[in-house]
Structures are given as C-alpha cells and as structure tokens.
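Let me begin by presenting the structure, written as structure tokens, before commenting on it.
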Amino acid sequence: MINIALDGPSGSGKSTIAKILAKKLNIAYLDTGAMYRTIGLGAIKYGADTKSEAEVIAVLPKIDFKVGFEADGQHVYLDGEDVSGLIRTPQADMASSNVSRYEAVRTYLVEMQRNIARNVDMVLDGRDIGTVVLPDANYKFFLTASPEIRAKRRFDERKDKNPDLKFEDVLREVNERDYQDSNRAISPLRQAEDAVLIDTGDMTIDEVAQTIISFIKEK
C-alpha cells in the first residue's frame, strides 16, 4: 500500500501537484481540502456562523456529505447535490479554514480520510496529512512558497471572473488564512519532521511533480 502525503499552506500548489502525481503514478487522489470546504458550505447552508464552534457542531449532524470518484476525478456532494464547483469561492475558502479548527469536524473527516486511504494507493493533500491523518505515510512532502507568490497565483486564477479584484485583497486573504491555519489549537499547519520541504516559488508545476516522482523512485 502506497500513501503520499502533500501538506502546505493555501496556494502552494498542493491540489494541482497531487492530481498530476495521481495520474502519472496511476493511483487515486483525495482532495481533503474539498471535504472541509463542503462542510463549511453545509454549515452556511444550515444557517451556522462558521466562526462559532457551537453553531457548527449543532448543524453538523444535518449535513449529508459524501465523496465520490468519477472518470474526471473526485466530486463532493452536499445533500445529494454535486458542489464540486461551488466550494471554489473565497467564502468557501474561509469557511473551510473556520470549521477546520473544530475538533468535532476534524475527528469526523480525519476518520473518513483514513478509511478511504486504508485500502487504496493514494495521494492526499491538506494541512495535516503527514502529521495527523497519515503519520505513517510512505512519502511525505511539504510544499510552500512566499505569501506574495501564492497570492499572485490566486489573483491570476480569479481576475478574469472578477475584474475589480485587487491583488492586495488576495494577499490579505492569504496572510489571514496562513495565520489561522498555523495558529489553530487542533492540528495546526506544520511540516512533519520527516517530510521533504519543497519551495515551489521558482518552479513550474511539472518541475515540482518531477522532483517528487524522482524522490519516490530513488527511495
């Protein structure tokens, strides 16, 4: 059984790299961030303030959440609706960061993630895969880049759909997300001691993927 853990801050390229690795290595890919985004979206749907742990825990049992794997990859479903596109918004991003601080949410999703990865060769990306979800993963990598570079990536992704978007606003979002993820009491963002650190700032997506694949083959 092979499990590859990719951790790192928002905008470090984890999801894109994970998809490439899964395809090149012919293994499955589990986007754990999408799972937290879906819970955050569900909490909003049921009227909870995602900054309130009590309100999120109160609506958690109402959220019908499922993960599915289709020909084009992973899909997430909220109350039977495919919300794979709806979770890719700034609102869902911050909701995800908010709800991921709560022990009840993390316990629920971590157990789900472990069950999915238990019997399948898989690459998983998130904030605490190598430290909490799969501490015994065969391979661990921590991807990072400066806040400015990560904000520029996010800005370029969004600017066509939002012409009024300002780079400064995206940079502020990235810094706020970094602070919140790194300072939460439950499973904060941090590099596992045995993870390989890769700064993606001056690398192309393909270069990052090849670096990881080369490392795996060398081992």
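As shown in the structure tokens, the chain order sets the letters A, B, ...; within each chain, residues go from 1, and ligands are also counted from 1 in the order they appear.
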
Which neighbours of segment 143-146 of chain A fall inside 9 Å, counting only C-alpha atoms, when residues of the same chain fewer than 2 positions from it are skipped, and could you give them as a PyMOL selection string?
chain A and resi 6-14+141+148-151+196-202

Going by DSSP on the backbone, which bits of segment 2-179 of chain A are alpha helix (DSSP H)? Write them as a ChimeraX atom specification, please.
/A:14-25,32-45,53-59,90-99,103-118,147-158,167-179

As number ranges by chain, please: every residue in segment 40-205 of chain A that DSSP puts in strand (DSSP E).
A: 65-70, 73-78, 81-82, 122-126, 139-144, 196-199

Those residues with C-alpha atoms, as a compact mmCIF listing (two decimals), in the first residue's frame please?
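Contents of out_2.txt, as written:
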# COMPACT_ATOMS: atom_id res chain seq x y z
CA PHE A 65 -21.85 14.78 2.91
CA LYS A 66 -20.36 12.26 0.51
CA VAL A 67 -17.19 11.87 -1.57
CA GLY A 68 -17.37 10.22 -4.98
CA PHE A 69 -14.79 9.33 -7.62
CA GLU A 70 -15.81 9.81 -11.24
CA GLY A 73 -11.72 12.80 -10.59
CA GLN A 74 -13.10 13.46 -7.13
CA HIS A 75 -16.52 15.02 -6.60
CA VAL A 76 -18.11 16.18 -3.34
CA TYR A 77 -21.82 16.07 -2.64
CA LEU A 78 -23.84 18.12 -0.17
CA GLU A 81 -26.03 17.95 -4.85
CA ASP A 82 -22.65 17.97 -6.58
CA MET A 122 -3.47 7.23 -2.91
CA VAL A 123 -2.05 10.74 -2.78
CA LEU A 124 -3.69 13.07 -0.25
CA ASP A 125 -3.17 16.80 0.15
CA GLY A 126 -4.08 19.09 3.01
CA TYR A 139 6.15 9.52 1.49
CA LYS A 140 5.66 12.99 2.93
CA PHE A 141 6.23 16.34 1.23
CA PHE A 142 5.66 19.90 2.44
CA LEU A 143 5.10 22.40 -0.37
CA THR A 144 5.46 26.10 0.25
CA VAL A 196 10.68 16.71 2.34
CA LEU A 197 10.43 20.51 2.03
CA ILE A 198 9.91 21.87 -1.48
CA ASP A 199 9.75 25.61 -2.20

Closest of A:Asp169, A:Glu55, A:Glu176, A:Asp206 to Met94 of chain A - atom-to-atom distances counting only C-alpha atoms:
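With only C-alpha atoms as the atom set, the closest residue is A:Glu176.
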
Find, counting only C-alpha atoms, the residue in A:Val83, A:Leu25, A:Ile186, A:Val174 that gets nearest to Val99 of chain A.
A:Ile186

Which one of A:Lys159, A:Lys152, A:Lys62, A:Lys51 sits closest to Tyr102 of chain A if you count only C-alpha atoms?
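Closest to Tyr102 of chain A of all the choices is A:Lys51.
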